[in-house]
Every structure is written in C-alpha cells, then in structure tokens.
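Here is the file target_2.cif (mmCIF, C-alpha atoms).
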data_model
#
loop_
_atom_site.label_atom_id
_atom_site.label_comp_id
_atom_site.auth_asym_id
_atom_site.auth_seq_id
_atom_site.Cartn_x
_atom_site.Cartn_y
_atom_site.Cartn_z
CA MET A 5 -2.76 -5.94 -3.46
CA ILE A 6 -1.95 -4.57 -6.93
CA HIS A 7 -1.09 -7.30 -9.40
CA SER A 8 -0.59 -5.19 -12.51
CA HIS A 9 2.71 -3.45 -13.27
CA LEU A 10 0.86 -0.82 -15.30
CA VAL A 11 -1.62 0.00 -12.51
CA THR A 12 1.28 0.21 -10.05
CA LEU A 13 3.06 2.63 -12.38
CA LEU A 14 -0.07 4.75 -12.83
CA ALA A 15 -0.78 4.88 -9.07
CA PHE A 16 2.83 5.77 -8.20
CA SER A 17 3.04 8.43 -10.93
CA ALA A 18 -0.28 10.02 -9.97
CA LEU A 19 0.51 10.21 -6.25
CA VAL A 20 4.08 11.51 -6.62
CA SER A 21 3.00 14.03 -9.26
CA THR A 22 0.23 15.27 -6.95
CA VAL A 23 2.68 15.91 -4.11
CA PHE A 24 5.19 17.67 -6.38
CA ALA A 25 2.50 19.79 -8.02
CA THR A 26 1.08 20.80 -4.62
CA LEU A 27 4.50 21.72 -3.21
CA LEU A 28 6.14 23.35 -6.21
CA ARG A 29 3.34 25.50 -7.66
CA ASP A 30 1.21 28.17 -6.02
CA THR A 31 -2.02 28.39 -8.01
CA ASN A 32 -4.47 25.60 -8.82
CA ARG A 33 -4.14 26.21 -12.54
CA GLU A 34 -0.35 25.89 -12.37
CA ARG A 35 -0.68 22.81 -10.19
CA VAL A 36 -2.97 21.01 -12.65
CA ARG A 37 -0.63 21.83 -15.51
CA PHE A 38 2.43 20.67 -13.54
CA PHE A 39 0.62 17.48 -12.47
CA LEU A 40 -0.24 16.57 -16.06
CA VAL A 41 3.30 17.19 -17.31
CA ALA A 42 4.94 15.29 -14.42
CA PHE A 43 2.46 12.39 -14.69
CA ALA A 44 3.04 12.08 -18.44
CA ALA A 45 6.80 12.28 -17.95
CA PHE A 46 6.75 9.49 -15.33
CA VAL A 47 4.58 7.16 -17.40
CA LEU A 48 6.14 7.78 -20.81
CA SER A 49 9.76 7.65 -19.58
CA THR A 50 9.07 4.39 -17.72
CA LEU A 51 7.48 2.83 -20.80
CA ALA A 52 10.37 4.06 -22.98
CA ILE A 53 13.04 2.71 -20.61
CA GLY A 54 11.13 -0.57 -20.27
CA TRP A 55 10.97 -0.89 -24.04
CA LEU A 56 14.68 -0.05 -24.44
CA THR A 57 15.73 -2.67 -21.87
CA ASN A 58 13.71 -5.36 -23.63
CA PRO A 59 16.69 -6.65 -25.68
CA PHE A 60 18.57 -7.41 -22.43
CA PRO A 61 16.83 -10.33 -20.68
CA GLY A 62 17.34 -10.41 -16.89
CA MET B 28 9.85 48.44 19.38
CA SER B 29 12.76 45.99 19.39
CA GLU B 30 11.08 44.03 22.19
CA THR B 31 7.99 43.63 19.99
CA ARG B 32 10.15 42.43 17.12
CA ALA B 33 11.94 39.95 19.37
CA ALA B 34 8.60 38.65 20.65
CA ASP B 35 7.30 38.30 17.06
CA ALA B 36 10.45 36.45 16.02
CA ALA B 37 10.18 34.09 18.99
CA ARG B 38 6.51 33.42 18.20
CA ASP B 39 7.28 32.78 14.50
CA SER B 40 10.12 30.48 15.48
CA SER B 41 8.01 28.40 17.86
CA ARG B 42 5.23 28.28 15.25
CA ALA B 43 7.71 26.97 12.65
CA VAL B 44 9.01 24.31 15.04
CA ALA B 45 5.46 23.21 15.88
CA ALA B 46 4.51 23.07 12.17
CA GLY B 47 7.65 21.05 11.35
CA LEU B 48 7.07 18.58 14.16
CA LEU B 49 3.39 18.14 13.33
CA ALA B 50 4.27 17.65 9.64
CA TRP B 51 6.65 14.86 10.61
CA VAL B 52 4.29 13.22 13.12
CA TRP B 53 1.49 12.98 10.56
CA PRO B 54 1.81 13.96 6.87
CA GLY B 55 -0.08 17.19 6.11
CA LEU B 56 -0.76 18.07 9.75
CA GLY B 57 1.79 20.90 9.70
CA HIS B 58 -0.04 22.63 6.85
CA LEU B 59 -3.39 22.14 8.58
CA TYR B 60 -1.90 23.76 11.70
CA LEU B 61 -0.81 26.73 9.57
CA GLY B 62 -4.31 27.12 8.12
CA ARG B 63 -3.42 25.69 4.67
CA ARG B 64 -6.37 23.32 4.81
CA TRP B 65 -6.63 22.08 1.23
CA LYS B 66 -2.89 21.84 0.74
CA GLY B 67 -2.59 19.84 3.96
CA LEU B 68 -5.43 17.49 3.04
CA VAL B 69 -4.07 16.82 -0.47
CA LEU B 70 -0.57 16.15 0.88
CA MET B 71 -1.96 13.96 3.66
CA GLY B 72 -4.09 11.90 1.26
CA SER B 73 -1.33 11.43 -1.31
CA ILE B 74 1.44 10.48 1.11
CA LEU B 75 -0.75 8.20 3.22
CA ALA B 76 -2.02 6.51 0.04
CA LEU B 77 1.55 6.01 -1.17
CA PHE B 78 2.71 4.59 2.17
CA GLY B 79 -0.45 2.53 2.71
CA LEU B 80 -0.29 0.99 -0.75
CA GLY B 81 3.37 0.16 -0.12
CA VAL B 82 2.50 -1.62 3.13
CA LEU B 83 -0.30 -3.52 1.40
CA MET B 84 2.17 -4.52 -1.33
CA ASP B 85 4.18 -6.42 1.31
CA SER B 86 6.89 -3.83 1.90
CA ARG B 87 9.35 -4.47 4.70
CA LEU B 88 9.34 -1.64 7.25
CA GLN B 89 12.99 -1.60 8.08
CA LEU B 90 14.50 -0.45 11.37
CA HIS B 91 18.25 -0.42 10.82
CA LEU B 92 20.20 2.26 12.67
CA GLY B 93 23.77 0.91 12.46
CA LEU B 94 26.50 2.31 10.21
CA GLU B 95 27.76 -1.11 9.04
CA ASP B 96 25.18 -1.11 6.24
CA PRO B 97 24.77 2.54 5.12
CA LEU B 98 22.21 1.75 2.41
CA ALA B 99 19.97 -0.06 4.91
CA LEU B 100 20.32 2.93 7.25
CA LEU B 101 19.31 5.36 4.48
CA PHE B 102 16.38 3.15 3.52
CA SER B 103 15.21 3.03 7.15
CA LEU B 104 15.49 6.81 7.50
CA ALA B 105 13.55 7.27 4.25
CA GLN B 106 10.69 5.11 5.53
CA MET B 107 10.75 6.80 8.95
CA GLY B 108 10.24 10.15 7.23
CA VAL B 109 6.53 9.38 7.07
CA GLY B 110 6.31 9.61 10.88
CA ALA B 111 3.54 8.05 12.94
CA PRO B 112 2.09 5.88 10.12
CA TYR B 113 5.45 4.05 10.02
CA VAL B 114 5.29 3.37 13.77
CA LEU B 115 1.62 2.43 13.55
CA ALA B 116 2.21 -0.04 10.70
CA ARG B 117 5.07 -1.67 12.62
CA LEU B 118 2.93 -1.93 15.74
CA LEU B 119 0.17 -3.56 13.69
CA GLY B 120 2.61 -6.27 12.60
CA PHE B 121 3.47 -5.16 9.05
CA GLU B 122 7.21 -4.73 9.74
CA ALA B 123 8.45 -7.99 8.21
CA GLY B 124 6.94 -7.68 4.75
CA LEU B 125 6.94 -10.66 2.43
CA VAL B 126 10.11 -10.98 0.40
CA THR B 127 8.60 -13.69 -1.83
CA SER B 128 5.72 -11.45 -2.86
CA PRO B 129 5.86 -10.25 -6.49
CA ALA B 130 5.01 -6.75 -5.29
CA TYR B 131 7.68 -6.66 -2.54
CA GLU B 132 10.12 -4.31 -4.33
CA TYR B 133 7.29 -2.07 -5.51
CA GLY B 134 6.05 -1.90 -1.93
CA ASN B 135 9.52 -0.94 -0.67
CA THR B 136 9.68 1.83 -3.28
CA PHE B 137 6.23 3.16 -2.35
CA THR B 138 6.98 3.29 1.40
CA ALA B 139 10.46 4.83 0.99
CA VAL B 140 9.27 7.44 -1.51
CA GLY B 141 6.31 8.27 0.75
CA GLY B 142 8.75 9.01 3.59
CA LEU B 143 11.10 11.03 1.38
CA LEU B 144 8.23 13.12 0.03
CA ASN B 145 7.09 13.79 3.58
CA ILE B 146 10.54 15.23 4.33
CA LEU B 147 9.89 17.74 1.51
CA VAL B 148 6.47 18.44 3.06
CA ILE B 149 8.14 19.11 6.45
CA LEU B 150 10.55 21.59 4.82
CA ASP B 151 7.64 23.28 3.02
CA ALA B 152 5.74 23.59 6.32
CA LEU B 153 8.81 25.20 7.92
CA ASP B 154 9.14 27.66 5.00
CA THR B 155 5.42 28.45 5.11
CA ALA B 156 5.54 29.13 8.87
CA ARG B 157 8.52 31.48 8.39
CA GLY B 158 6.74 33.29 5.57
CA VAL B 159 9.20 32.19 2.88
CA ARG B 160 6.41 30.56 0.88
CA GLY B 161 3.04 32.16 0.36
CA LYS B 162 0.28 29.70 -0.49
#
I need this file expressed as structure tokens, please.
Amino acid sequence: MIHSHLVTLLAFSALVSTVFATLLRDTNRERVRFFLVAFAAFVLSTLAIGWLTNPFPG
Amino acid sequence: MSETRAADAARDSSRAVAAGLLAWVWPGLGHLYLGRRWKGLVLMGSILALFGLGVLMDSRLQLHLGLEDPLALLFSLAQMGVGAPYVLARLLGFEAGLVTSPAYEYGNTFTAVGGLLNILVILDALDTARGVRGK
C-alpha cells in the first residue's frame, strides 16, 4: 500500500495529531495550533531518533 | 423537585451509556449522536483512515483472549477498540495479515493505535454526554 517510510510517518503523524487536537482543544484556532505543534513534534523527533540510531546497524 | 432531578439524572446516564456504546461500535458515532457533528466526522475520518491504512499495510487483526501471552492480549484489545471496523475487516478476510510484507509492522502499529485512540474518543463521548466537556 504505502512503500515509503517517510510517507508512512507523515500519514501516521497527521492522523494521530488530528485526533489529539480534536479531543484536547475546544476551539478551532487552538486545534490548528495544537495540530501543527504535535505534527512537527512527531516528524522531527522521529527523524532525530532515526538519525541518532544510525551508528548502530540492526 | 427531587423526582425531576432523579429523572434528569437517569436520562443523562442513559444518554451517556448510549453515546459510549455508539462511539465504540463505530468511531465518531457517539459524538454525532450527541449533536457534535463536525467533531464526530473528523474523529470518524481520522480513526477509520488510520485503521484502514493499517489493514491495507498487511496488518494482522489479532484475536487472542488468553492470559498466557499478556502482550498478545493487550494488542488484541487495542485493535478491538476500533469496534465494528475490526469485526468487518476480519469478516472480509483481512485477519491473517502478511508477516513477510515490508509494511507489516507499520500496519500493526496503525491498527493498534487506531483502536487505542478510539478508546479516548469513547471516554470523550462519555464526558461530553455527562456535561464534563463543553464542545
């Protein structure tokens, strides 16, 4: 279905961030802000952890 | 006066139970029942997309209810949290997954997280029905 790790990460981050933003904030403005922060946190932390684990081959 | 209060409490309680059950049966349905149309539709779309993508990425839809393997039990319960879509996908023959698929583990993560998020949605529907949460 999805053959790219990056697209998988982006899809997962977007969908989970949408649910959290919808549940945890009450106004649309707050939800958009929360979504952007959560989405960025998911993507950037995954890329950072992926980069940090690079010296340790599986 | 107290009879009216008792009747209101009973009505609120049955409304909360109905919202919780509907939210479990189909993601977002509890919020739609409570009149939170957009919230329900967004939650429904996101969770169904997460679960559906997981199934399409060859996830195994596990049905393990024994205590001899607690992690398998927790994983099964997580996937079951999504409700009817889990049953539907199993009935349509997607239960086995494809362990050799490169996307298998991603698919498992998508389906389990979809179910776990729906448990949060069920709790939110219960809180909304009881008036704990506003919008």
Spatial sel., origin (18.4, 3.3, 6.8), limit 10 Å, only C-alpha atoms, listed as a count of residues only: 19
With chain B as the partner and 10 Å as the cut-off, tabulate the residues of chain A that qualify, each row holding the nearest pair of atoms and their distance in Å to one decimal, using all atoms listed in the file, sorted by chain and rising number, as JSON lines.
{"residue": "A:Met5", "atom": "CA", "partner": "B:Met84", "partner_atom": "CA", "distance": 5.6}
{"residue": "A:Ile6", "atom": "CA", "partner": "B:Met84", "partner_atom": "CA", "distance": 7.0}
{"residue": "A:His7", "atom": "CA", "partner": "B:Ala130", "partner_atom": "CA", "distance": 7.4}
{"residue": "A:Ser8", "atom": "CA", "partner": "B:Ala130", "partner_atom": "CA", "distance": 9.3}
{"residue": "A:His9", "atom": "CA", "partner": "B:Ala130", "partner_atom": "CA", "distance": 8.9}
{"residue": "A:Thr12", "atom": "CA", "partner": "B:Tyr133", "partner_atom": "CA", "distance": 7.9}
{"residue": "A:Leu13", "atom": "CA", "partner": "B:Tyr133", "partner_atom": "CA", "distance": 9.3}
{"residue": "A:Ala15", "atom": "CA", "partner": "B:Leu77", "partner_atom": "CA", "distance": 8.3}
{"residue": "A:Phe16", "atom": "CA", "partner": "B:Leu77", "partner_atom": "CA", "distance": 7.1}
{"residue": "A:Ala18", "atom": "CA", "partner": "B:Ser73", "partner_atom": "CA", "distance": 8.8}
{"residue": "A:Leu19", "atom": "CA", "partner": "B:Ser73", "partner_atom": "CA", "distance": 5.4}
{"residue": "A:Val20", "atom": "CA", "partner": "B:Ser73", "partner_atom": "CA", "distance": 7.6}
{"residue": "A:Ser21", "atom": "CA", "partner": "B:Ser73", "partner_atom": "CA", "distance": 9.4}
{"residue": "A:Thr22", "atom": "CA", "partner": "B:Ser73", "partner_atom": "CA", "distance": 7.0}
{"residue": "A:Val23", "atom": "CA", "partner": "B:Leu70", "partner_atom": "CA", "distance": 6.0}
{"residue": "A:Phe24", "atom": "CA", "partner": "B:Leu144", "partner_atom": "CA", "distance": 8.4}
{"residue": "A:Thr26", "atom": "CA", "partner": "B:Lys66", "partner_atom": "CA", "distance": 6.8}
{"residue": "A:Leu27", "atom": "CA", "partner": "B:Asp151", "partner_atom": "CA", "distance": 7.1}
{"residue": "A:Leu28", "atom": "CA", "partner": "B:Asp151", "partner_atom": "CA", "distance": 9.4}
{"residue": "A:Arg29", "atom": "CA", "partner": "B:Lys162", "partner_atom": "CA", "distance": 8.9}
{"residue": "A:Asp30", "atom": "CA", "partner": "B:Lys162", "partner_atom": "CA", "distance": 5.8}
{"residue": "A:Thr31", "atom": "CA", "partner": "B:Lys162", "partner_atom": "CA", "distance": 8.0}
Ala50 (chain B) surroundings by all atoms listed in the file, 12 Å radius, close-in-sequence under 4 positions cut, as JSON, numbers by chain: {"B": [43, 44, 45, 46, 54, 55, 56, 57, 58, 59, 60, 61, 67, 68, 70, 71, 74, 108, 109, 110, 111, 112, 142, 144, 145, 146, 147, 148, 149, 150, 151, 152, 153, 155, 156]}
Neighbour list for Ala45 (chain A) as a short mmCIF file (atom, residue, chain, number, x, y, z; two decimals) with C-alpha atoms, keeping the file's coordinate frame, cut-off 12 Å, all atoms listed in the file, skip fewer than 4 positions in-chain:
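Output contents, as saved in part_35.cif:
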data_model
loop_
_atom_site.label_atom_id
_atom_site.label_comp_id
_atom_site.auth_asym_id
_atom_site.auth_seq_id
_atom_site.Cartn_x
_atom_site.Cartn_y
_atom_site.Cartn_z
CA LEU A 13 3.06 2.63 -12.38
CA LEU A 14 -0.07 4.75 -12.83
CA SER A 17 3.04 8.43 -10.93
CA ALA A 18 -0.28 10.02 -9.97
CA VAL A 20 4.08 11.51 -6.62
CA SER A 21 3.00 14.03 -9.26
CA PHE A 38 2.43 20.67 -13.54
CA PHE A 39 0.62 17.48 -12.47
CA LEU A 40 -0.24 16.57 -16.06
CA VAL A 41 3.30 17.19 -17.31
CA SER A 49 9.76 7.65 -19.58
CA THR A 50 9.07 4.39 -17.72
CA LEU A 51 7.48 2.83 -20.80
CA ALA A 52 10.37 4.06 -22.98
CA ILE A 53 13.04 2.71 -20.61
#
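Taking CA of Ala44 (chain A) and CA of Ser86 (chain B) as the two end points, the separation is 26.1 Å.
The gap separating CA of Asn135 (chain B) from CA of Gly47 (chain B) is 25.1 Å, in Å to one decimal.
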